[in-house]
Amino acid sequence: MMKDENCAYCMRGDLLDKFGIYVCDLQVSSLILFKEQSKLGRFVVAYKDHVGEIVELSDEDRNAFMADVVKVSRAIHKAFQPDKVNYGAYGDTGHHLHMHLVPKYKDGDEWGGVFQMNPGKVLLTEEGYNELIEKIKANL
């Protein structure tokens, strides 16, 4: 597997702890809880290897990655009942294929607009994060 020692998704630990919590492995990805929870139920699906673009994957791996994204999105819909899930695949600086799954709520922050990457508005307690992790796992 290709790994980058400077990549939070590859190395986890302190690098990942700055913004996320590892939840579990999926078929070809890792599921990460995004610590900033102004959009309740926001998660990240990160590909297992350090690749920068979806076009670097074989058709089989691309399809498996997207299946992981769909699986998590379905779980988010079941667990948190958002009005819409927004999908963001960035990586201008991180260069590790990952997708943000951001639940949006009609009466909530940024409805009708693009979500902020890390607004820093809502951080939870360890217990709060654990509740979200259990809720998503129960619906995967």
# chains A, B, ... in the order shown; residues from 1 in each chain; ligands from 1
>>> residues_around(residues="A:Pro103", least_positions_apart="6", cutoff="10 Å", atoms="only C-alpha atoms", output="JSON, numbers by chain")
{"A": [37, 38, 39, 40, 41, 42, 43, 73, 76, 77, 80, 81, 82, 83, 84, 85, 86, 87, 111, 115]}
>>> select_by_dssp(residues="stretch 23-69 of chain A", states="helix (DSSP H, G or I)", output="list in words")
Ile54, Val55, Glu56, Asp59, Glu60, Asp61, Arg62, Asn63, Ala64, Phe65, Met66, Ala67, Asp68 and Val69 of chain A
>>> write_last_selection(atoms="N, CA and C atoms", output="mmCIF file, in the first residue's frame")
data_model
loop_
_atom_site.group_PDB
_atom_site.id
_atom_site.type_symbol
_atom_site.label_atom_id
_atom_site.label_comp_id
_atom_site.auth_asym_id
_atom_site.auth_seq_id
_atom_site.Cartn_x
_atom_site.Cartn_y
_atom_site.Cartn_z
ATOM 1 N N ILE A 54 -9.099 10.558 -8.268
ATOM 2 C CA ILE A 54 -9.931 9.383 -8.525
ATOM 3 C C ILE A 54 -9.547 8.715 -9.847
ATOM 4 N N VAL A 55 -8.991 9.481 -10.778
ATOM 5 C CA VAL A 55 -8.590 8.922 -12.076
ATOM 6 C C VAL A 55 -7.368 8.011 -11.961
ATOM 7 N N GLU A 56 -6.705 8.012 -10.815
ATOM 8 C CA GLU A 56 -5.557 7.125 -10.604
ATOM 9 C C GLU A 56 -5.990 5.710 -10.232
ATOM 10 N N ASP A 59 -10.861 0.939 -12.624
ATOM 11 C CA ASP A 59 -12.325 1.015 -12.626
ATOM 12 C C ASP A 59 -12.899 0.264 -11.421
ATOM 13 N N GLU A 60 -12.327 -0.880 -11.121
ATOM 14 C CA GLU A 60 -12.808 -1.704 -9.994
ATOM 15 C C GLU A 60 -12.634 -0.955 -8.671
ATOM 16 N N ASP A 61 -11.462 -0.369 -8.445
ATOM 17 C CA ASP A 61 -11.230 0.356 -7.193
ATOM 18 C C ASP A 61 -12.066 1.630 -7.105
ATOM 19 N N ARG A 62 -12.235 2.314 -8.243
ATOM 20 C CA ARG A 62 -13.092 3.507 -8.259
ATOM 21 C C ARG A 62 -14.521 3.137 -7.888
ATOM 22 N N ASN A 63 -15.018 2.054 -8.475
ATOM 23 C CA ASN A 63 -16.383 1.619 -8.174
ATOM 24 C C ASN A 63 -16.522 1.210 -6.713
ATOM 25 N N ALA A 64 -15.503 0.564 -6.171
ATOM 26 C CA ALA A 64 -15.535 0.167 -4.763
ATOM 27 C C ALA A 64 -15.480 1.394 -3.850
ATOM 28 N N PHE A 65 -14.672 2.396 -4.209
ATOM 29 C CA PHE A 65 -14.608 3.629 -3.430
ATOM 30 C C PHE A 65 -15.971 4.318 -3.425
ATOM 31 N N MET A 66 -16.577 4.431 -4.597
ATOM 32 C CA MET A 66 -17.885 5.079 -4.666
ATOM 33 C C MET A 66 -18.941 4.258 -3.926
ATOM 34 N N ALA A 67 -18.820 2.943 -3.928
ATOM 35 C CA ALA A 67 -19.743 2.100 -3.153
ATOM 36 C C ALA A 67 -19.590 2.389 -1.654
ATOM 37 N N ASP A 68 -18.342 2.619 -1.206
ATOM 38 C CA ASP A 68 -18.123 3.005 0.196
ATOM 39 C C ASP A 68 -18.801 4.337 0.501
ATOM 40 N N VAL A 69 -18.676 5.296 -0.409
ATOM 41 C CA VAL A 69 -19.306 6.605 -0.231
ATOM 42 C C VAL A 69 -20.825 6.448 -0.130
#
>>> closest_residue(among="A:Ser30, A:Ala8, A:Asp92, A:Phe19", to="A:Gly120", atoms="only C-alpha atoms")
A:Phe19
>>> residues_around(residues="A:Glu53", least_positions_apart="3", cutoff="9 Å", atoms="only C-alpha atoms", output="VMD selection string")
chain A and resid 56 to 57 91 95 to 97
>>> residues_around(residues="A:Cys24", least_positions_apart="5", cutoff="12 Å", atoms="only C-alpha atoms", output="count of residues only")
17
>>> select_by_dssp(residues="stretch 39-102 of chain A", states="strand (DSSP E or B)", output="list in words")
Phe43, Val44, Val45, Ala46, Tyr47, Lys84, Val85, Asn86, Tyr87, Gly88, His98, Met99, His100, Leu101 and Val102 of chain A
>>> atom_distance(atom1="atom CA of A:Asp25", atom2="atom CA of A:Leu123")
23.6 Å
>>> closest_residue(among="A:His100, A:Lys78, A:Lys106, A:Lys121", to="A:Asn139", atoms="only C-alpha atoms")
A:Lys78
>>> closest_residue(among="A:Tyr90, A:Gly13, A:Ala79, A:Phe34", to="A:Val102", atoms="only C-alpha atoms")
A:Phe34
>>> closest_residue(among="A:Glu5, A:Tyr129, A:Met117, A:Glu36", to="A:Met99", atoms="only C-alpha atoms")
A:Met117
>>> atom_distance(atom1="atom CA of A:Met2", atom2="atom CA of A:Leu15")
17.3 Å
>>> closest_residue(among="A:Gly88, A:Ser58, A:Val122, A:Lys3", to="A:Asp109", atoms="only C-alpha atoms")
A:Val122
>>> closest_residue(among="A:Lys135, A:Arg74, A:Val51, A:Asn130", to="A:Tyr22", atoms="only C-alpha atoms")
A:Asn130
>>> decode(residues="stretch 19-56 of chain A", atoms="N, CA and C atoms", output="mmCIF file, in the first residue's frame")
data_model
loop_
_atom_site.group_PDB
_atom_site.id
_atom_site.type_symbol
_atom_site.label_atom_id
_atom_site.label_comp_id
_atom_site.auth_asym_id
_atom_site.auth_seq_id
_atom_site.Cartn_x
_atom_site.Cartn_y
_atom_site.Cartn_z
ATOM 1 N N PHE A 19 -8.325 16.955 13.348
ATOM 2 C CA PHE A 19 -9.619 17.267 12.732
ATOM 3 C C PHE A 19 -10.600 16.103 12.673
ATOM 4 N N GLY A 20 -10.131 14.892 12.951
ATOM 5 C CA GLY A 20 -11.023 13.751 12.776
ATOM 6 C C GLY A 20 -10.741 12.604 13.711
ATOM 7 N N ILE A 21 -11.666 11.646 13.690
ATOM 8 C CA ILE A 21 -11.571 10.439 14.513
ATOM 9 C C ILE A 21 -11.801 9.238 13.597
ATOM 10 N N TYR A 22 -10.831 8.329 13.558
ATOM 11 C CA TYR A 22 -10.985 7.101 12.791
ATOM 12 C C TYR A 22 -12.160 6.301 13.361
ATOM 13 N N VAL A 23 -13.041 5.837 12.480
ATOM 14 C CA VAL A 23 -14.205 5.057 12.909
ATOM 15 C C VAL A 23 -14.026 3.586 12.580
ATOM 16 N N CYS A 24 -13.794 3.274 11.296
ATOM 17 C CA CYS A 24 -13.651 1.877 10.886
ATOM 18 C C CYS A 24 -13.151 1.824 9.444
ATOM 19 N N ASP A 25 -12.775 0.618 9.031
ATOM 20 C CA ASP A 25 -12.425 0.386 7.640
ATOM 21 C C ASP A 25 -13.668 -0.039 6.880
ATOM 22 N N LEU A 26 -13.727 0.365 5.629
ATOM 23 C CA LEU A 26 -14.782 -0.033 4.713
ATOM 24 C C LEU A 26 -14.136 -0.936 3.664
ATOM 25 N N GLN A 27 -14.796 -1.164 2.549
ATOM 26 C CA GLN A 27 -14.245 -2.072 1.544
ATOM 27 C C GLN A 27 -12.867 -1.632 1.058
ATOM 28 N N VAL A 28 -12.719 -0.375 0.634
ATOM 29 C CA VAL A 28 -11.432 0.120 0.145
ATOM 30 C C VAL A 28 -11.080 1.472 0.764
ATOM 31 N N SER A 29 -11.741 1.813 1.853
ATOM 32 C CA SER A 29 -11.602 3.141 2.444
ATOM 33 C C SER A 29 -11.616 3.065 3.956
ATOM 34 N N SER A 30 -11.349 4.222 4.558
ATOM 35 C CA SER A 30 -11.522 4.388 6.004
ATOM 36 C C SER A 30 -12.615 5.413 6.224
ATOM 37 N N LEU A 31 -13.391 5.184 7.270
ATOM 38 C CA LEU A 31 -14.430 6.134 7.649
ATOM 39 C C LEU A 31 -13.902 6.974 8.801
ATOM 40 N N ILE A 32 -13.991 8.286 8.643
ATOM 41 C CA ILE A 32 -13.479 9.250 9.613
ATOM 42 C C ILE A 32 -14.622 10.159 10.047
ATOM 43 N N LEU A 33 -14.802 10.330 11.343
ATOM 44 C CA LEU A 33 -15.745 11.322 11.854
ATOM 45 C C LEU A 33 -15.051 12.671 11.849
ATOM 46 N N PHE A 34 -15.643 13.660 11.196
ATOM 47 C CA PHE A 34 -15.097 15.008 11.174
ATOM 48 C C PHE A 34 -15.453 15.662 12.502
ATOM 49 N N LYS A 35 -14.469 16.138 13.242
ATOM 50 C CA LYS A 35 -14.716 16.665 14.589
ATOM 51 C C LYS A 35 -15.639 17.878 14.591
ATOM 52 N N GLU A 36 -15.499 18.754 13.617
ATOM 53 C CA GLU A 36 -16.364 19.930 13.570
ATOM 54 C C GLU A 36 -17.751 19.471 13.111
ATOM 55 N N GLN A 37 -18.740 19.611 13.986
ATOM 56 C CA GLN A 37 -20.056 19.036 13.726
ATOM 57 C C GLN A 37 -21.164 20.080 13.604
ATOM 58 N N SER A 38 -20.888 21.221 12.977
ATOM 59 C CA SER A 38 -21.973 22.177 12.750
ATOM 60 C C SER A 38 -23.008 21.591 11.788
ATOM 61 N N LYS A 39 -22.617 20.584 11.005
ATOM 62 C CA LYS A 39 -23.544 19.800 10.179
ATOM 63 C C LYS A 39 -23.564 18.411 10.812
ATOM 64 N N LEU A 40 -24.533 18.186 11.678
ATOM 65 C CA LEU A 40 -24.594 16.949 12.454
ATOM 66 C C LEU A 40 -24.511 15.724 11.558
ATOM 67 N N GLY A 41 -23.534 14.872 11.829
ATOM 68 C CA GLY A 41 -23.355 13.651 11.068
ATOM 69 C C GLY A 41 -22.353 13.762 9.933
ATOM 70 N N ARG A 42 -21.470 14.760 9.984
ATOM 71 C CA ARG A 42 -20.465 14.916 8.924
ATOM 72 C C ARG A 42 -19.342 13.895 9.093
ATOM 73 N N PHE A 43 -19.059 13.202 8.003
ATOM 74 C CA PHE A 43 -18.006 12.193 7.975
ATOM 75 C C PHE A 43 -17.147 12.377 6.732
ATOM 76 N N VAL A 44 -16.015 11.695 6.723
ATOM 77 C CA VAL A 44 -15.107 11.677 5.579
ATOM 78 C C VAL A 44 -14.849 10.214 5.222
ATOM 79 N N VAL A 45 -14.900 9.906 3.937
ATOM 80 C CA VAL A 45 -14.503 8.592 3.432
ATOM 81 C C VAL A 45 -13.171 8.801 2.724
ATOM 82 N N ALA A 46 -12.116 8.167 3.245
ATOM 83 C CA ALA A 46 -10.759 8.336 2.706
ATOM 84 C C ALA A 46 -10.287 7.024 2.085
ATOM 85 N N TYR A 47 -9.815 7.102 0.848
ATOM 86 C CA TYR A 47 -9.332 5.910 0.151
ATOM 87 C C TYR A 47 -8.165 5.285 0.916
ATOM 88 N N LYS A 48 -8.023 3.968 0.832
ATOM 89 C CA LYS A 48 -7.035 3.229 1.628
ATOM 90 C C LYS A 48 -5.582 3.563 1.301
ATOM 91 N N ASP A 49 -5.299 3.935 0.055
ATOM 92 C CA ASP A 49 -3.932 4.242 -0.362
ATOM 93 C C ASP A 49 -3.781 5.733 -0.616
ATOM 94 N N HIS A 50 -2.545 6.189 -0.633
ATOM 95 C CA HIS A 50 -2.261 7.600 -0.853
ATOM 96 C C HIS A 50 -2.222 7.882 -2.351
ATOM 97 N N VAL A 51 -3.407 8.167 -2.901
ATOM 98 C CA VAL A 51 -3.524 8.614 -4.281
ATOM 99 C C VAL A 51 -4.220 9.964 -4.265
ATOM 100 N N GLY A 52 -3.886 10.812 -5.212
ATOM 101 C CA GLY A 52 -4.411 12.167 -5.204
ATOM 102 C C GLY A 52 -5.692 12.367 -5.999
ATOM 103 N N GLU A 53 -5.923 11.535 -6.984
ATOM 104 C CA GLU A 53 -7.048 11.748 -7.890
ATOM 105 C C GLU A 53 -7.803 10.448 -8.112
ATOM 106 N N ILE A 54 -9.099 10.558 -8.268
ATOM 107 C CA ILE A 54 -9.931 9.383 -8.525
ATOM 108 C C ILE A 54 -9.547 8.715 -9.847
ATOM 109 N N VAL A 55 -8.991 9.481 -10.778
ATOM 110 C CA VAL A 55 -8.590 8.922 -12.076
ATOM 111 C C VAL A 55 -7.368 8.011 -11.961
ATOM 112 N N GLU A 56 -6.705 8.012 -10.815
ATOM 113 C CA GLU A 56 -5.557 7.125 -10.604
ATOM 114 C C GLU A 56 -5.990 5.710 -10.232
#
